[in-house]
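Student: So here's start10.txt (compact mmCIF, C-alpha atoms).
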```txt
# COMPACT_ATOMS: atom_id res chain seq x y z
CA MET W 21 93.78 116.15 138.35
CA ALA W 22 97.00 115.71 136.45
CA HIS W 23 98.16 118.53 134.23
CA HIS W 24 99.81 117.64 130.96
CA HIS W 25 102.56 120.04 130.04
CA ASP W 26 102.86 118.45 126.65
CA HIS W 27 104.68 119.93 123.75
CA ASP W 28 102.84 119.26 120.56
CA HIS W 29 105.05 118.77 117.57
CA ASP W 30 102.88 121.38 115.92
CA ASP W 31 103.21 125.03 115.02
CA HIS W 32 100.81 126.13 117.76
CA ALA W 33 101.47 124.83 121.27
CA PRO W 34 98.60 124.39 123.72
CA ILE W 35 98.27 126.57 126.77
CA GLU W 36 100.73 126.08 129.60
CA GLU W 37 100.46 127.55 133.05
CA GLY W 38 101.96 131.00 133.26
CA LYS W 39 101.88 131.54 129.48
CA ALA W 40 99.43 133.74 127.63
CA PRO W 41 96.64 131.76 125.95
CA THR W 42 96.91 131.32 122.20
CA GLU W 43 94.12 132.26 119.81
CA PHE W 44 93.28 128.57 119.60
CA ASP W 45 92.91 128.31 123.36
CA LEU W 46 90.55 131.28 123.32
CA LEU W 47 88.61 129.99 120.31
CA GLU W 48 88.03 126.61 121.96
CA GLN W 49 86.86 128.33 125.13
CA ALA W 50 84.61 130.76 123.26
CA ILE W 51 82.96 128.05 121.20
CA ARG W 52 82.57 125.69 124.14
CA GLU W 53 81.03 128.38 126.38
CA LEU W 54 78.67 129.66 123.68
CA LEU W 55 77.46 126.18 122.73
CA ILE W 56 76.70 125.47 126.39
CA GLU W 57 74.93 128.81 126.77
CA LYS W 58 72.85 128.05 123.68
CA GLU W 59 72.09 124.62 125.22
CA ILE W 60 73.51 122.71 122.28
CA PHE W 61 75.00 120.50 124.99
CA SER W 62 75.46 120.92 128.74
CA ALA W 63 78.61 121.42 130.79
CA ASP W 64 77.91 118.00 132.32
CA ASP W 65 77.69 116.41 128.88
CA LEU W 66 81.08 117.89 128.08
CA ARG W 67 82.67 116.84 131.36
CA ARG W 68 81.39 113.29 130.91
CA GLN W 69 82.68 113.15 127.35
CA VAL W 70 86.13 114.49 128.30
CA ASP W 71 86.39 111.91 131.08
CA LYS W 72 85.50 109.04 128.77
CA THR W 73 88.81 107.35 128.12
CA ASP W 74 89.25 105.62 124.82
CA SER W 75 88.53 102.06 125.77
CA VAL W 76 89.94 100.69 122.52
CA SER W 77 93.69 100.36 121.97
CA PRO W 78 95.97 98.36 119.64
CA ALA W 79 95.88 95.59 122.26
CA ASP W 80 92.37 94.87 121.02
CA GLY W 81 93.50 94.44 117.43
CA ALA W 82 96.40 92.33 118.68
CA LYS W 83 94.00 89.92 120.40
CA VAL W 84 92.05 89.50 117.17
CA VAL W 85 95.21 88.88 115.14
CA ALA W 86 96.54 86.39 117.69
CA LYS W 87 93.27 84.50 117.66
CA ALA W 88 93.35 84.38 113.86
CA TRP W 89 96.88 82.97 114.00
CA ALA W 90 95.93 80.34 116.55
CA ASP W 91 92.50 79.36 115.20
CA PRO W 92 92.15 78.68 111.44
CA ALA W 93 88.34 78.65 111.61
CA PHE W 94 88.31 82.08 113.24
CA LYS W 95 90.81 83.34 110.69
CA ALA W 96 88.60 82.17 107.83
CA GLN W 97 85.60 83.91 109.33
CA LEU W 98 87.60 87.05 110.06
CA LEU W 99 88.58 87.34 106.42
CA ALA W 100 85.14 86.48 105.05
CA ASP W 101 82.91 88.38 107.50
CA PRO W 102 84.99 90.48 109.90
CA LYS W 103 82.03 92.30 111.42
CA THR W 104 80.41 89.06 112.60
CA ALA W 105 83.74 87.61 113.72
CA ILE W 106 84.68 90.51 115.97
CA GLU W 107 81.16 91.15 117.22
CA ALA W 108 81.29 87.57 118.53
CA LEU W 109 84.29 88.71 120.60
CA GLY W 110 82.26 91.55 122.08
CA TYR W 111 83.28 94.49 119.89
CA ASP W 112 80.66 96.86 118.60
CA VAL W 113 81.46 97.64 114.99
CA GLY W 114 78.32 99.71 114.61
CA PRO W 115 76.17 99.93 111.50
CA ALA W 116 78.88 101.76 109.57
CA PRO W 117 81.72 102.13 108.80
CA ASN W 118 82.50 98.61 107.72
CA LEU W 119 85.58 96.65 108.62
CA VAL W 120 87.66 94.76 106.04
CA VAL W 121 90.60 92.56 107.03
CA LEU W 122 93.51 92.30 104.59
CA GLU W 123 95.79 89.28 104.86
CA ASN W 124 99.50 89.85 104.29
CA THR W 125 101.48 86.91 102.92
CA ASP W 126 104.92 86.18 101.45
CA ALA W 127 103.66 87.35 98.09
CA LEU W 128 101.31 90.20 98.97
CA HIS W 129 101.86 93.02 101.45
CA HIS W 130 99.06 95.50 102.14
CA VAL W 131 99.68 98.90 103.68
CA VAL W 132 96.77 101.16 104.65
CA VAL W 133 96.37 104.94 104.38
CA CYS W 134 93.69 107.60 104.16
CA THR W 135 95.08 110.19 101.74
CA LEU W 136 91.94 112.33 102.01
CA CYS W 137 91.78 112.65 105.79
CA SER W 138 92.51 110.13 108.58
CA CYS W 139 90.11 107.19 108.29
CA TYR W 140 91.49 104.35 110.41
CA PRO W 141 90.10 101.13 111.95
CA ARG W 142 89.47 102.77 115.31
CA VAL W 143 87.07 100.03 116.35
CA LEU W 144 90.06 97.71 116.85
CA LEU W 145 93.05 100.04 117.11
CA GLY W 146 91.78 103.15 118.91
CA PRO W 147 92.88 106.59 117.68
CA PRO W 148 95.44 106.80 114.86
CA PRO W 149 99.02 107.89 115.57
CA ASP W 150 100.22 111.33 114.45
CA TRP W 151 102.32 109.91 111.62
CA TYR W 152 99.32 108.18 110.03
CA LYS W 153 97.49 111.54 109.91
CA SER W 154 100.53 113.46 108.67
CA LYS W 155 100.82 114.97 105.21
CA GLU W 156 104.20 113.23 104.88
CA TYR W 157 102.68 109.77 105.21
CA ARG W 158 99.47 110.50 103.32
CA GLY W 159 101.37 112.13 100.47
CA ARG W 160 104.17 109.62 99.99
CA VAL W 161 102.93 106.15 100.86
CA VAL W 162 100.75 105.94 97.75
CA ILE W 163 103.56 106.96 95.37
CA ASP W 164 106.58 105.53 97.23
CA PRO W 165 105.39 102.77 99.55
CA ARG W 166 108.75 100.99 99.50
CA GLY W 167 110.53 104.19 100.52
CA VAL W 168 108.09 104.83 103.35
CA LEU W 169 108.31 101.23 104.55
CA THR W 170 112.10 101.54 104.57
CA GLU W 171 111.73 104.51 106.92
CA PHE W 172 109.83 102.17 109.22
CA GLY W 173 112.61 99.61 108.95
CA THR W 174 110.67 97.32 106.63
CA GLN W 175 112.31 95.93 103.49
CA LEU W 176 110.47 93.89 100.89
CA GLY W 177 111.85 92.28 97.75
CA ASP W 178 110.52 92.99 94.29
CA ASN W 179 108.95 89.53 94.29
CA VAL W 180 106.44 90.83 96.86
CA GLU W 181 103.52 92.86 95.54
CA ILE W 182 102.99 95.90 97.74
CA LYS W 183 99.39 96.98 97.69
CA VAL W 184 98.54 100.36 99.16
CA VAL W 185 94.91 100.55 100.24
CA ASP W 186 93.49 104.09 100.37
CA SER W 187 90.44 104.27 102.67
CA THR W 188 88.40 106.73 100.66
CA ALA W 189 84.91 105.68 101.75
CA ASP W 190 83.21 103.95 104.70
CA MET W 191 85.37 100.82 104.69
CA ARG W 192 88.02 100.61 107.40
CA TYR W 193 90.98 98.38 106.64
CA LEU W 194 92.95 96.30 109.15
CA VAL W 195 96.00 94.29 108.14
CA LEU W 196 96.28 90.69 109.31
CA PRO W 197 100.07 90.29 109.28
CA PRO W 198 101.78 86.91 108.78
CA ARG W 199 102.48 84.83 111.86
CA PRO W 200 106.19 85.04 112.67
CA ALA W 201 108.35 81.93 112.45
CA GLY W 202 109.32 80.21 115.68
CA THR W 203 105.96 80.83 117.38
CA GLU W 204 104.68 77.27 117.32
CA GLY W 205 103.02 76.27 120.58
CA MET W 206 102.70 79.84 121.83
CA SER W 207 99.50 80.82 123.60
CA GLU W 208 97.21 83.49 122.15
CA GLU W 209 98.40 85.84 124.88
CA GLN W 210 102.03 85.28 123.93
CA LEU W 211 101.18 85.73 120.25
CA ALA W 212 99.26 88.95 120.93
CA ALA W 213 102.36 90.42 122.61
CA LEU W 214 104.14 90.26 119.23
CA VAL W 215 101.42 92.19 117.39
CA THR W 216 102.22 95.90 117.26
CA ARG W 217 99.91 98.68 116.11
CA ASP W 218 102.18 99.42 113.17
CA CYS W 219 102.04 95.86 111.80
CA MET W 220 98.23 96.10 111.69
CA VAL W 221 98.55 99.18 109.47
CA GLY W 222 101.10 97.35 107.34
CA VAL W 223 104.19 99.57 107.77
CA THR W 224 106.05 96.92 109.78
CA PHE W 225 106.05 93.18 110.44
CA PRO W 226 105.02 91.79 113.82
CA ASP W 227 107.79 91.43 116.39
CA LYS W 228 109.79 88.23 116.31
CA PRO W 229 109.66 85.95 119.34
CA VAL W 230 112.54 86.44 121.78
CA ASN W 231 115.01 83.49 121.74
CA MET H 4 69.59 99.42 92.47
CA SER H 5 71.82 96.91 90.73
CA ASP H 6 75.55 97.33 90.38
CA SER H 7 76.84 98.03 86.92
CA PHE H 8 80.32 96.64 87.45
CA LYS H 9 81.46 93.14 88.34
CA ILE H 10 84.59 91.82 89.99
CA GLY H 11 87.38 91.66 87.44
CA GLN H 12 85.85 94.31 85.19
CA ARG H 13 88.17 96.92 83.75
CA VAL H 14 87.13 100.46 84.60
CA LEU H 15 88.40 103.95 84.01
CA VAL H 16 88.12 106.61 86.68
CA LYS H 17 86.54 109.75 85.28
CA GLU H 18 88.51 112.93 84.85
CA GLY H 19 87.16 116.19 86.10
CA ASP H 20 87.43 118.56 89.01
CA PRO H 21 83.92 119.43 90.12
CA PRO H 22 83.54 121.67 93.16
CA GLY H 23 82.47 120.31 96.52
CA HIS H 24 83.38 117.34 98.67
CA ILE H 25 84.76 114.64 96.38
CA ARG H 26 86.11 111.34 97.70
CA THR H 27 87.79 110.29 94.45
CA PRO H 28 91.46 111.15 94.95
CA TYR H 29 93.04 113.40 92.30
CA TYR H 30 95.88 110.96 91.74
CA LEU H 31 93.43 108.31 90.48
CA ARG H 32 91.28 110.44 88.20
CA GLY H 33 91.60 109.33 84.59
CA LYS H 34 93.44 106.14 85.57
CA PRO H 35 92.58 102.58 84.45
CA GLY H 36 91.82 99.95 87.08
CA VAL H 37 90.08 96.66 87.80
CA VAL H 38 87.13 96.08 90.12
CA GLU H 39 88.30 94.04 93.09
CA THR H 40 85.33 94.15 95.44
CA VAL H 41 81.68 95.10 95.09
CA HIS H 42 80.80 96.74 98.42
CA GLY H 43 77.14 97.48 97.88
CA ALA H 44 75.47 100.89 97.92
CA PHE H 45 75.98 103.77 100.31
CA ARG H 46 74.67 107.30 100.77
CA ASN H 47 76.52 109.75 98.57
CA PRO H 48 79.12 111.60 100.67
CA GLU H 49 79.22 114.44 98.12
CA GLU H 50 75.68 115.31 99.22
CA LEU H 51 75.95 114.31 102.89
CA ALA H 52 78.73 116.88 103.13
CA TYR H 53 76.16 119.63 102.51
CA GLY H 54 73.46 118.43 104.86
CA LYS H 55 71.50 116.56 102.20
CA GLU H 56 70.34 112.98 102.59
CA GLY H 57 72.67 111.52 99.96
CA LEU H 58 69.93 109.36 98.45
CA PRO H 59 69.54 107.32 96.36
CA LYS H 60 72.50 105.27 97.58
CA LYS H 61 75.34 104.83 95.12
CA PRO H 62 77.22 101.57 94.45
CA LEU H 63 80.77 101.51 95.80
CA TYR H 64 83.69 99.45 94.52
CA LEU H 65 87.22 98.70 95.65
CA VAL H 66 89.21 99.35 92.47
CA ARG H 67 92.80 98.16 92.02
CA PHE H 68 95.36 100.00 89.93
CA LEU H 69 98.85 99.04 88.83
CA GLN H 70 101.18 101.64 90.32
CA LYS H 71 102.95 101.97 86.97
CA ASP H 72 99.61 103.02 85.44
CA VAL H 73 99.15 105.67 88.12
CA TRP H 74 102.64 107.22 88.36
CA PRO H 75 104.73 107.71 85.21
CA ASP H 76 108.03 107.26 87.06
CA TYR H 77 106.99 104.68 89.65
CA GLN H 78 110.12 103.36 91.34
CA GLY H 79 108.85 100.18 92.97
CA ALA H 80 108.10 96.71 91.61
CA PRO H 81 106.07 96.39 88.36
CA THR H 82 103.47 94.30 90.18
CA ASP H 83 102.89 96.90 92.93
CA THR H 84 99.32 98.15 93.15
CA VAL H 85 97.17 100.75 94.86
CA SER H 86 93.49 100.26 95.64
CA ALA H 87 90.80 102.73 96.62
CA ASP H 88 87.06 102.74 97.23
CA ILE H 89 85.42 104.56 94.32
CA TYR H 90 81.75 105.31 93.69
CA GLU H 91 80.08 104.05 90.54
CA HIS H 92 79.31 107.53 89.26
CA TRP H 93 83.05 108.15 89.09
CA LEU H 94 83.69 105.08 86.91
CA ASP H 95 83.26 104.20 83.25
CA ALA H 96 83.64 100.74 81.71
CA ASP H 97 87.05 100.45 80.06
CA GLN H 98 87.75 98.33 76.99
CA MET I 24 97.32 114.84 99.08
CA GLY I 25 98.25 111.51 97.52
CA GLY I 26 101.46 111.66 95.51
CA LYS I 27 102.86 114.80 97.11
CA ASP I 28 106.30 114.63 98.69
CA PHE I 29 106.54 116.44 102.02
CA GLY I 30 109.65 114.59 103.10
CA PRO I 31 110.28 111.78 105.55
CA VAL I 32 107.65 110.52 107.95
CA ASN I 33 108.11 111.65 111.55
CA ARG I 34 107.29 108.57 113.58
CA ARG I 35 107.07 110.33 116.93
CA ASP I 36 103.68 110.46 118.62
CA HIS I 37 102.55 113.24 120.91
CA VAL I 38 100.47 112.70 124.02
CA ARG I 39 97.06 114.26 123.63
CA SER I 40 96.85 117.51 125.55
CA GLU I 41 93.84 118.60 127.58
CA TRP I 42 93.08 121.05 124.81
CA ASP I 43 93.07 118.22 122.26
CA ASN I 44 90.76 116.24 124.54
CA ARG I 45 88.32 119.15 124.91
CA VAL I 46 88.13 119.65 121.15
CA ASP I 47 87.68 115.91 120.67
CA ALA I 48 84.88 115.94 123.24
CA VAL I 49 83.04 118.80 121.52
CA LEU I 50 83.46 116.96 118.23
CA LYS I 51 81.99 113.76 119.63
CA LEU I 52 79.08 115.59 121.25
CA MET I 53 78.22 117.33 117.98
CA LEU I 54 78.42 114.05 116.01
CA ASP I 55 76.59 111.92 118.58
CA GLY I 56 74.00 114.67 118.97
CA ARG I 57 73.52 114.56 115.20
CA ARG I 58 74.34 118.25 114.88
CA PHE I 59 76.96 117.52 112.23
CA ARG I 60 77.73 114.64 109.93
CA VAL I 61 81.33 113.52 109.62
CA ASP I 62 81.08 114.28 105.87
CA GLU I 63 80.20 117.90 106.69
CA LEU I 64 83.16 118.18 109.02
CA ARG I 65 85.50 116.74 106.38
CA ARG I 66 84.11 119.21 103.82
CA ALA I 67 84.58 122.07 106.23
CA ILE I 68 88.22 121.07 106.82
CA GLU I 69 88.80 120.85 103.07
CA SER I 70 87.34 124.36 102.71
CA LEU I 71 89.94 125.92 105.02
CA PRO I 72 92.45 128.25 103.39
CA GLU I 73 95.38 126.20 102.13
CA HIS I 74 97.84 127.74 104.57
CA ASP I 75 95.62 126.78 107.49
CA TYR I 76 95.04 123.27 106.15
CA MET I 77 98.78 122.71 105.81
CA SER I 78 99.90 124.28 109.10
CA PHE I 79 97.11 123.58 111.61
CA SER I 80 97.44 120.54 113.82
CA TYR I 81 94.89 117.74 113.65
CA TYR I 82 92.65 119.17 116.39
CA GLN I 83 93.14 122.76 115.28
CA LYS I 84 91.64 121.72 111.94
CA TRP I 85 88.68 120.06 113.63
CA LEU I 86 88.06 123.17 115.74
CA ALA I 87 88.19 125.36 112.64
CA ALA I 88 85.71 122.99 110.95
CA ILE I 89 83.38 123.12 113.97
CA ARG I 90 83.47 126.91 113.78
CA VAL I 91 82.52 126.88 110.06
CA LEU I 92 79.60 124.54 110.65
CA ILE I 93 78.10 126.12 113.77
CA VAL I 94 77.90 129.43 111.92
CA GLU I 95 76.67 127.82 108.71
CA LYS I 96 73.91 126.01 110.59
CA GLY I 97 72.89 129.12 112.49
CA MET I 98 73.76 127.81 115.95
CA LEU I 99 76.00 130.82 116.51
CA THR I 100 76.93 133.91 114.54
CA GLU I 101 80.43 135.10 113.72
CA ASP I 102 79.61 138.27 115.70
CA GLU I 103 78.82 136.24 118.79
CA ILE I 104 82.09 134.34 118.47
CA ALA I 105 84.08 137.52 117.84
CA GLU I 106 82.45 139.23 120.81
CA ARG I 107 83.22 136.35 123.15
CA LEU I 108 86.80 136.14 121.86
CA ALA I 109 87.27 139.84 122.57
CA GLN I 110 85.94 139.39 126.12
CA LEU I 111 88.20 136.42 126.72
CA ARG I 112 91.23 138.22 125.33
CA GLU I 113 90.59 141.11 127.67
CA GLY I 114 90.10 138.76 130.58
CA ALA I 115 93.30 136.93 129.74
CA THR I 116 95.47 140.01 129.72
CA GLY I 117 93.60 141.88 132.52
```
As structure tokens, please, write out the structure in this file.
Tutor:
Amino acid sequence: MAHHHDHDHDDHAPIEEGKAPTEFDLLEQAIRELLIEKEIFSADDLRRQVDKTDSVSPADGAKVVAKAWADPAFKAQLLADPKTAIEALGYDVGPAPNLVVLENTDALHHVVVCTLCSCYPRVLLGPPPDWYKSKEYRGRVVIDPRGVLTEFGTQLGDNVEIKVVDSTADMRYLVLPPRPAGTEGMSEEQLAALVTRDCMVGVTFPDKPVN
Amino acid sequence: MSDSFKIGQRVLVKEGDPPGHIRTPYYLRGKPGVVETVHGAFRNPEELAYGKEGLPKKPLYLVRFLQKDVWPDYQGAPTDTVSADIYEHWLDADQ
Amino acid sequence: MGGKDFGPVNRRDHVRSEWDNRVDAVLKLMLDGRRFRVDELRRAIESLPEHDYMSFSYYQKWLAAIRVLIVEKGMLTEDEIAERLAQLREGATG
């Protein structure tokens, strides 16, 4: 079993071999042990859950975006009824939350946030990155979206309406970015390779094709 | 339960700071917006947060605000907007 | 949180530690087992003292929320948690 000697960019680092456990390490252990002893769940349940790797990653969202770029009928359905569209591809959206797809164009640029916590379209992107959950992003993107986008290397003229979408309820928002120029004739696989996680949140554009 | 507000209707987010789990962001309270999407009705998270059933369901709307109506010194473009999902009981019709 | 300026966004990601994964697993078991609703967990996080809310990491906040709810719902008592913590502390330094 691999050991991760990771340094969190947090105030409290997780336990490392040879170092004294932090209060958080002990609290996690105490709670976990007590819940197992009280049979709230079993040690096997926990082991199975820990071993479950997140099967969803941004590559999944990228496939959906690429298909929408390549197939106008799919794109129309994706915008009108995203749940049905992606369930047809084999994804399980579940009864709730609900997925909404936001199309970015030359005139309108959506960028998604959850100022209240960390709601994110996990069904297509997997877990959110640290920056999305950070107080810096959650605090500033609603009041200074252009400044935040600049930090991500994204510049938009004043002729573009920037619309910040704050996921305050059960809806989960995924950005459908514009198809980059120079991608005519590319396969869906080639298109998907240009679709980054960040462009599906709206803080960047998709990558441009090489050459 | 029928929805009170229609797409395109002007609404005003209520002011107030009640205790408990509120999903109406502070920065939008008291601000004027326009209904963009009618989502249907959902269990009330303010009650779900305390182990209650959250029934009857409450209508939910995506409401769009002009950034310059939300922030007095907004630095971006005058057409920039911010949208959020707001429950009906946090909205009043706005003339 | 919206509208507050905490400075520039740090774009670096950290790899989830085993500790993070264990907390995430407990979280998922409690949600899937219908012990907690996600709304209750969010409320519990919001109820943390401001200093904790602002300084705890993502998973530290979830663990603190789990602690609030398991006591609130009578699954464990604070005494039981304190007692186990004391035993573990002794074991760790012994």
Student: Quick one: pull the distance between CA of Leu98 (chain W) and CA of Val38 (chain H), Å, one decimal.
Tutor: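 Value for the CA of Leu98 (chain W)-CA of Val38 (chain H) distance: 21.9 Å.
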Student: Considering all atoms listed in the file, return as a ChimeraX atom specification whatever protein or nucleic-acid residues lie within 10 Å of Lys51 (chain I), sequence-local ones (same chain, fewer than 5 positions apart) excluded.
Tutor: /W:66,69-70 /I:45-46,56-57,59
Student: Would you kindly return, as an MDAnalysis selection string, each protein, DNA or RNA residue with an atom no farther than 8 Å from any atom of region 64-73 of chain H, considering only C-alpha atoms and excluding same-chain residues fewer than 4 positions away?
Tutor: (chainID W and resid 163) or (chainID H and resid 30:31 34:43 77 81:91)
Student: Between H:Asp97, H:His24, H:Lys9, H:Leu63, which residue has the minimum interatomic distance to Ala67 (chain I), considering all atoms listed in the file?
Tutor: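 Counting all atoms listed in the file, the residue closest to Ala67 (chain I) is H:His24.
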Student: Using Å and a single decimal, report how far CA of Val61 (chain I) sits from CA of Arg52 (chain W).
Tutor: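 Separation between CA of Arg52 (chain W) and CA of Val61 (chain I): 19.0 Å.
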Student: With only C-alpha atoms as the counted atoms, please give the residues lying no more than 7 Å from Leu94 (chain H), apart from itself and same-chain residues fewer than 2 positions off, as a ChimeraX atom specification.
Tutor: /H:14-17,91-92,96
Student: Please report the interatomic distance between CA of Glu204 (chain W) and CA of Thr104 (chain W) in Å with one decimal.
Tutor: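 About the pair CA of Glu204 (chain W) and CA of Thr104 (chain W): they are 27.4 Å apart.
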Student: Given all atoms listed in the file as the basis, pick out the residue of W:Cys137, W:Leu55, W:Ala88, W:Ala105 nearest to Arg26 (chain H).
Tutor: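 Smallest separation from Arg26 (chain H) among the options: W:Cys137.
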Student: Return as a compact mmCIF listing (two decimals) with C-alpha atoms, in the frame of the given file the residues belonging to chain H that are within 9 Å of chain I, counting only C-alpha atoms.
Tutor:
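What follows is the written file out_2.txt:
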```txt
# COMPACT_ATOMS: atom_id res chain seq x y z
CA GLY H 23 82.47 120.31 96.52
CA HIS H 24 83.38 117.34 98.67
CA ILE H 25 84.76 114.64 96.38
CA PRO H 28 91.46 111.15 94.95
CA TYR H 29 93.04 113.40 92.30
CA TYR H 30 95.88 110.96 91.74
CA PRO H 48 79.12 111.60 100.67
CA GLU H 49 79.22 114.44 98.12
CA GLU H 50 75.68 115.31 99.22
CA LEU H 51 75.95 114.31 102.89
CA ALA H 52 78.73 116.88 103.13
CA TYR H 53 76.16 119.63 102.51
CA GLY H 54 73.46 118.43 104.86
CA TRP H 74 102.64 107.22 88.36
```
Student: Do you have, as a tab-separated table, the list of residues of chain I lying at most 6 Å from chain W, each with its nearest atom pair and that distance in Å to one decimal, counting all atoms listed in the file and ordered by chain then number?
Tutor:
```
residue	atom	partner	partner_atom	distance
I:Met24	CA	W:Gly159	CA	5.1
I:Gly25	CA	W:Gly159	CA	4.3
I:Gly26	CA	W:Gly159	CA	5.0
I:Lys27	CA	W:Gly159	CA	4.5
I:Asp28	CA	W:Arg160	CA	5.6
I:Phe29	CA	W:Glu156	CA	4.9
I:Gly30	CA	W:Glu156	CA	5.9
I:Val32	CA	W:Glu156	CA	5.4
I:Arg34	CA	W:Trp151	CA	5.5
I:Asp36	CA	W:Asp150	CA	5.5
I:Ala48	CA	W:Val70	CA	5.4
I:Ser80	CA	W:Asp30	CA	5.9
I:Arg107	CA	W:Ala50	CA	5.8
I:Leu108	CA	W:Ala50	CA	6.0
```
Student: Provide as a count of residues only the residues of chain W at most 6 Å from chain H, counting all atoms listed in the file.
Tutor: 9
Student: Between W:Pro229, W:Gly205, W:Pro141, W:Gly146, single out the one closest to Ser187 (chain W), counting all atoms listed in the file.
Tutor: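 Going through W:Pro229, W:Gly205, W:Pro141, W:Gly146 one by one, the smallest distance to Ser187 (chain W) is for W:Pro141.
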Student: With only C-alpha atoms counted, which protein, DNA or RNA residues have an atom no more than 8 Å from (98.0, 101.2, 118.3) in the file frame? Please answer as an MDAnalysis selection string.
Tutor: chainID W and resid 77:79 145:149 216:218
Student: Just want the 7 Å neighbourhood of Val120 (chain W), counted on all atoms listed in the file, with same-chain residues fewer than 3 positions away dropped. Output as number ranges by chain.
Tutor: W: 102, 191-194
Student: Have a look at I:Tyr82, I:Ile68, I:Arg90, I:Asp102 and name the one nearest to Ser40 (chain I); count only C-alpha atoms.
Tutor: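 For Ser40 (chain I), the nearest of the candidates is I:Tyr82.
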